[in-house]
Each structure stands twice: as structure tokens, then as C-alpha cells.
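**Q** Compact mmCIF, C-alpha atoms, file protein12.txt:
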```
# COMPACT_ATOMS: atom_id res chain seq x y z
CA MET A 1 0.00 0.00 0.00
CA ALA A 2 2.92 2.35 0.61
CA GLN A 3 3.77 2.09 -3.11
CA VAL A 4 0.26 3.16 -4.06
CA ARG A 5 0.28 6.11 -1.64
CA GLN A 6 3.65 7.24 -3.03
CA GLY A 7 2.40 7.04 -6.63
CA ALA A 8 4.66 4.14 -7.60
CA LEU A 9 1.83 2.59 -9.63
CA GLU A 10 0.93 5.75 -11.53
CA PHE A 11 1.98 4.06 -14.77
CA GLN A 12 -0.91 1.61 -14.36
CA ARG A 13 -3.49 4.39 -14.15
CA GLN A 14 -2.07 6.34 -17.06
CA LEU A 15 -1.61 3.37 -19.37
CA SER A 16 -5.07 2.04 -18.54
CA ALA A 17 -6.49 5.37 -19.70
CA VAL A 18 -5.16 4.85 -23.26
CA LEU A 19 -6.41 1.28 -23.78
CA ASP A 20 -9.19 2.52 -26.10
CA GLU A 21 -6.51 4.01 -28.37
CA ALA A 22 -4.05 1.13 -27.99
CA PRO A 23 -5.98 -2.09 -27.21
CA GLU A 24 -2.90 -4.26 -27.89
CA LEU A 25 -1.04 -2.61 -24.97
CA LYS A 26 0.00 -5.13 -22.30
CA VAL A 27 1.94 -4.99 -19.05
CA TYR A 28 2.51 -8.31 -17.30
CA SER A 29 3.94 -9.59 -14.06
CA ALA A 30 4.70 -13.14 -13.00
CA SER A 31 1.70 -14.93 -11.52
CA PRO A 32 1.44 -14.34 -7.76
CA PHE A 33 0.86 -18.10 -7.44
CA ASP A 34 4.14 -19.09 -9.13
CA LEU A 35 6.65 -18.41 -6.37
CA ASP A 36 9.55 -20.06 -8.20
CA GLU A 37 9.03 -17.88 -11.26
CA ARG A 38 8.74 -14.72 -9.14
CA ARG A 39 11.95 -15.62 -7.29
CA ARG A 40 13.75 -16.28 -10.59
CA PHE A 41 12.85 -12.82 -11.93
CA LYS A 42 13.62 -11.16 -8.60
CA ASP A 43 17.08 -12.73 -8.66
CA ARG A 44 17.61 -11.73 -12.29
CA PHE A 45 16.27 -8.15 -12.20
CA GLY A 46 15.91 -7.19 -8.53
CA GLY A 47 12.76 -5.89 -6.90
CA ASP A 48 9.87 -7.82 -5.41
CA ILE A 49 7.66 -7.35 -8.47
CA VAL A 50 8.99 -7.16 -12.01
CA TYR A 51 6.78 -5.72 -14.73
CA PHE A 52 7.05 -6.70 -18.40
CA PHE A 53 5.93 -4.12 -20.97
CA ASN A 54 5.19 -5.10 -24.54
CA ASP A 55 6.41 -2.79 -27.32
CA VAL A 56 3.14 -0.84 -27.40
CA ALA A 57 3.19 -0.28 -23.64
CA ARG A 58 6.76 0.94 -23.80
CA GLN A 59 6.00 3.31 -26.69
CA GLU A 60 2.96 4.71 -24.86
CA SER A 61 5.02 5.14 -21.70
CA ASP A 62 7.54 7.20 -23.67
CA ARG A 63 4.79 9.20 -25.37
CA LEU A 64 3.12 9.97 -22.03
CA GLY A 65 6.43 10.89 -20.44
CA LEU A 66 6.08 8.30 -17.69
CA GLU A 67 9.08 7.91 -15.45
CA VAL A 68 9.45 4.15 -15.68
CA LYS A 69 12.89 2.62 -15.36
CA PHE A 70 13.42 -0.03 -18.03
CA ILE A 71 16.38 -2.24 -17.17
CA ALA A 72 16.34 -4.96 -19.83
CA GLU A 73 14.73 -6.13 -23.03
CA ILE A 74 13.91 -9.81 -23.15
CA PRO A 75 12.43 -12.00 -25.91
CA ASP A 76 8.87 -13.29 -25.61
CA ASP A 77 10.07 -16.83 -24.92
CA GLU A 78 11.69 -15.59 -21.68
CA LEU A 79 8.50 -14.03 -20.30
CA PRO A 80 7.02 -15.81 -17.28
CA ARG A 81 5.15 -18.92 -18.36
CA ARG A 82 2.39 -18.12 -15.87
CA ARG A 83 1.71 -14.41 -15.91
CA THR A 84 -0.89 -11.88 -14.93
CA VAL A 85 -2.03 -9.00 -17.10
CA VAL A 86 -1.49 -5.88 -14.97
CA VAL A 87 -2.55 -3.38 -17.64
CA GLY A 88 -4.38 -4.38 -20.79
CA LEU A 89 -7.30 -6.37 -21.99
CA PRO A 90 -7.32 -10.06 -21.03
CA GLU A 91 -5.98 -12.37 -23.70
CA SER A 92 -8.70 -14.34 -25.44
CA ARG A 93 -8.40 -18.09 -25.57
CA VAL A 94 -9.06 -19.65 -28.93
CA GLY A 95 -11.27 -22.72 -28.77
CA VAL A 96 -12.40 -22.21 -25.16
```
Could you quickly redo this structure as C-alpha cells?
**A**
Amino acid sequence: MAQVRQGALEFQRQLSAVLDEAPELKVYSASPFDLDERRRFKDRFGGDIVYFFNDVARQESDRLGLEVKFIAEIPDDELPRRRTVVVGLPESRVGV
């Protein structure tokens, strides 16, 4: 809650506001239920929660002038296998 009070999650509010203009925008984090995956990303990047921005989210962050510190670029195959959409429309499941 301290992060919210200090405005640390401002990027979520601002990026959510542009979803109508950029529906493909996505920000992910590792699933809160996959402790091994969360630990792996914490060890690799630091921080208790690591956010993953797709290209559209990163471009919108730049356009909006958000002060988000990007520390690495990773390929899609290195994203968490189990992940949560933090900002963006839920991914549809084909054939479900």
C-alpha cells in the first residue's frame, strides 16, 4: 500500500487510460501463485515485483512521459510462463 500512496503505480493508471486508443497494450507480471518464477525474476532483475511491458506499452510510456525505469529487453520466450495482465485487456483463448 505504501507504493500506491507514493504514486509508484501511476503508470498503471495512465496506461489504462489509453487502452481505447491502444488495445494491444499489455503490461505483465509473473503470476502471484508461481513463487519459483517470481523468485527467478527477482534474482535476475531485482525488486519484489517485475513488470514486463510489450512494445506498445513501452511506446505509450515514452509518449506519455512516464518515469518508468526499463532495465532490460527480453524475448517473448523468456516471459514468465504463468503471468498476470497488470494493464491491458485479457488475452482471449481460442477454442475455449
**Q** With a distance cut-off of 8 Å and all atoms listed in the file, select the neighbouring residues of segment 47-53 of chain A, excluding the residue or stretch itself and same-chain residues fewer than 5 positions from it, and output the selection as number ranges by chain.
**A** A: 26-30, 38, 41-42, 58, 79
**Q** Using only C-alpha atoms, please write the residues we just selected to a file, as a PDB file, in the frame of the given file.
**A**
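So out_27.pdb came out as:
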```pdb
ATOM      1  CA  LYS A  26       0.000  -5.130 -22.300  1.00  0.00           C
ATOM      2  CA  VAL A  27       1.940  -4.990 -19.050  1.00  0.00           C
ATOM      3  CA  TYR A  28       2.510  -8.310 -17.300  1.00  0.00           C
ATOM      4  CA  SER A  29       3.940  -9.590 -14.060  1.00  0.00           C
ATOM      5  CA  ALA A  30       4.700 -13.140 -13.000  1.00  0.00           C
ATOM      6  CA  ARG A  38       8.740 -14.720  -9.140  1.00  0.00           C
ATOM      7  CA  PHE A  41      12.850 -12.820 -11.930  1.00  0.00           C
ATOM      8  CA  LYS A  42      13.620 -11.160  -8.600  1.00  0.00           C
ATOM      9  CA  ARG A  58       6.760   0.940 -23.800  1.00  0.00           C
ATOM     10  CA  LEU A  79       8.500 -14.030 -20.300  1.00  0.00           C
TER      11      LEU A  79
END
```
**Q** Would you mind telling me which residue in A:Lys69, A:Arg81, A:Arg63, A:Arg44 lies nearest to Leu15 of chain A when using only C-alpha atoms?
**A**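 Using only C-alpha atoms, the shortest distance to Leu15 of chain A belongs to A:Arg63.
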**Q** Using only C-alpha atoms, determine which residues lie at most 10 Å from Glu60 of chain A, disregarding the query and same-chain residues fewer than 5 positions distant; provide the list as a list of chain:residue names.
**A** A:Gln14, A:Leu15, A:Val18, A:Ala22, A:Leu25, A:Asp55, A:Gly65, A:Leu66
**Q** Just checking: using only C-alpha atoms, which residue out of A:Asp43, A:Glu37, A:Glu67, A:Asp76 ends up closest to Leu9 of chain A?
**A**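 Closest residue, counting only C-alpha atoms: A:Glu67.
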**Q** By how many Å are atom CA of Leu89 of chain A and atom CA of Ser61 of chain A apart?
**A** 16.9 Å
**Q** In terms of the shortest atom-to-atom distance over all atoms listed in the file, which of A:Val85, A:Val56, A:Ile74, A:Leu64 is closest to Ser31 of chain A?
**A** A:Val85
**Q** What separation in Å, quoted to one decimal, exists between atom CA of Ala57 of chain A and atom CA of Glu24 of chain A?
**A**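 Separating atom CA of Ala57 of chain A from atom CA of Glu24 of chain A is a distance of 8.4 Å.
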**Q** Looking at all atoms listed in the file, which of A:Leu35, A:Ile71, A:Ala17, A:Val87 is the one that sits closest to Asn54 of chain A?
**A**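 Result for the nearest residue to Asn54 of chain A: A:Val87.
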**Q** Atom CA of Phe45 of chain A and atom CA of Glu73 of chain A, how far apart in Å?
**A**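 Atom CA of Phe45 of chain A lies 11.1 Å from atom CA of Glu73 of chain A.
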**Q** Ranking A:Pro23, A:Ser16, A:Arg39, A:Phe11 by minimum distance to Pro80 of chain A and counting only C-alpha atoms, which one comes first?
**A**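 Closest residue, counting only C-alpha atoms: A:Arg39.
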**Q** Please, can segment 71-86 of chain A be completed to N, CA, C and O atoms and returned as a PDB file, in the frame of the given file?
**A**
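Dumped to rebuild.pdb:
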```pdb
ATOM      1  N   ILE A  71      15.015  -1.764 -17.432  1.00  0.00           N
ATOM      2  CA  ILE A  71      16.380  -2.240 -17.170  1.00  0.00           C
ATOM      3  C   ILE A  71      16.847  -3.327 -18.130  1.00  0.00           C
ATOM      4  O   ILE A  71      18.023  -3.635 -18.172  1.00  0.00           O
ATOM      5  N   ALA A  72      15.926  -3.907 -18.897  1.00  0.00           N
ATOM      6  CA  ALA A  72      16.340  -4.960 -19.830  1.00  0.00           C
ATOM      7  C   ALA A  72      15.253  -5.162 -20.876  1.00  0.00           C
ATOM      8  O   ALA A  72      14.097  -4.826 -20.656  1.00  0.00           O
ATOM      9  N   GLU A  73      15.674  -5.711 -21.996  1.00  0.00           N
ATOM     10  CA  GLU A  73      14.730  -6.130 -23.030  1.00  0.00           C
ATOM     11  C   GLU A  73      14.911  -7.630 -23.175  1.00  0.00           C
ATOM     12  O   GLU A  73      16.035  -8.110 -23.348  1.00  0.00           O
ATOM     13  N   ILE A  74      13.814  -8.355 -23.064  1.00  0.00           N
ATOM     14  CA  ILE A  74      13.910  -9.810 -23.150  1.00  0.00           C
ATOM     15  C   ILE A  74      12.963 -10.319 -24.240  1.00  0.00           C
ATOM     16  O   ILE A  74      11.923  -9.717 -24.504  1.00  0.00           O
ATOM     17  N   PRO A  75      13.308 -11.432 -24.880  1.00  0.00           N
ATOM     18  CA  PRO A  75      12.430 -12.000 -25.910  1.00  0.00           C
ATOM     19  C   PRO A  75      11.172 -12.609 -25.280  1.00  0.00           C
ATOM     20  O   PRO A  75      11.161 -12.953 -24.097  1.00  0.00           O
ATOM     21  N   ASP A  76      10.143 -12.748 -26.089  1.00  0.00           N
ATOM     22  CA  ASP A  76       8.870 -13.290 -25.610  1.00  0.00           C
ATOM     23  C   ASP A  76       9.012 -14.655 -24.966  1.00  0.00           C
ATOM     24  O   ASP A  76       8.310 -14.973 -24.013  1.00  0.00           O
ATOM     25  N   ASP A  77       9.934 -15.475 -25.468  1.00  0.00           N
ATOM     26  CA  ASP A  77      10.070 -16.830 -24.920  1.00  0.00           C
ATOM     27  C   ASP A  77      10.698 -16.843 -23.523  1.00  0.00           C
ATOM     28  O   ASP A  77      10.752 -17.883 -22.884  1.00  0.00           O
ATOM     29  N   GLU A  78      11.159 -15.676 -23.042  1.00  0.00           N
ATOM     30  CA  GLU A  78      11.690 -15.590 -21.680  1.00  0.00           C
ATOM     31  C   GLU A  78      10.716 -14.933 -20.712  1.00  0.00           C
ATOM     32  O   GLU A  78      11.030 -14.775 -19.534  1.00  0.00           O
ATOM     33  N   LEU A  79       9.526 -14.559 -21.205  1.00  0.00           N
ATOM     34  CA  LEU A  79       8.500 -14.030 -20.300  1.00  0.00           C
ATOM     35  C   LEU A  79       8.055 -15.134 -19.351  1.00  0.00           C
ATOM     36  O   LEU A  79       8.203 -16.324 -19.662  1.00  0.00           O
ATOM     37  N   PRO A  80       7.505 -14.763 -18.203  1.00  0.00           N
ATOM     38  CA  PRO A  80       7.020 -15.810 -17.280  1.00  0.00           C
ATOM     39  C   PRO A  80       5.996 -16.700 -17.988  1.00  0.00           C
ATOM     40  O   PRO A  80       5.137 -16.219 -18.724  1.00  0.00           O
ATOM     41  N   ARG A  81       6.108 -17.984 -17.750  1.00  0.00           N
ATOM     42  CA  ARG A  81       5.150 -18.920 -18.360  1.00  0.00           C
ATOM     43  C   ARG A  81       3.749 -18.652 -17.806  1.00  0.00           C
ATOM     44  O   ARG A  81       2.779 -18.640 -18.548  1.00  0.00           O
ATOM     45  N   ARG A  82       3.655 -18.475 -16.513  1.00  0.00           N
ATOM     46  CA  ARG A  82       2.390 -18.120 -15.870  1.00  0.00           C
ATOM     47  C   ARG A  82       2.479 -16.644 -15.526  1.00  0.00           C
ATOM     48  O   ARG A  82       3.323 -16.248 -14.728  1.00  0.00           O
ATOM     49  N   ARG A  83       1.632 -15.843 -16.149  1.00  0.00           N
ATOM     50  CA  ARG A  83       1.710 -14.410 -15.910  1.00  0.00           C
ATOM     51  C   ARG A  83       0.331 -13.805 -15.759  1.00  0.00           C
ATOM     52  O   ARG A  83      -0.669 -14.380 -16.182  1.00  0.00           O
ATOM     53  N   THR A  84       0.327 -12.629 -15.172  1.00  0.00           N
ATOM     54  CA  THR A  84      -0.890 -11.880 -14.930  1.00  0.00           C
ATOM     55  C   THR A  84      -0.840 -10.604 -15.748  1.00  0.00           C
ATOM     56  O   THR A  84       0.192  -9.939 -15.800  1.00  0.00           O
ATOM     57  N   VAL A  85      -1.943 -10.264 -16.384  1.00  0.00           N
ATOM     58  CA  VAL A  85      -2.030  -9.000 -17.100  1.00  0.00           C
ATOM     59  C   VAL A  85      -2.309  -7.913 -16.067  1.00  0.00           C
ATOM     60  O   VAL A  85      -3.328  -7.933 -15.388  1.00  0.00           O
ATOM     61  N   VAL A  86      -1.369  -6.978 -15.933  1.00  0.00           N
ATOM     62  CA  VAL A  86      -1.490  -5.880 -14.970  1.00  0.00           C
ATOM     63  C   VAL A  86      -2.215  -4.707 -15.605  1.00  0.00           C
ATOM     64  O   VAL A  86      -3.066  -4.078 -14.988  1.00  0.00           O
TER      65      VAL A  86
END
```
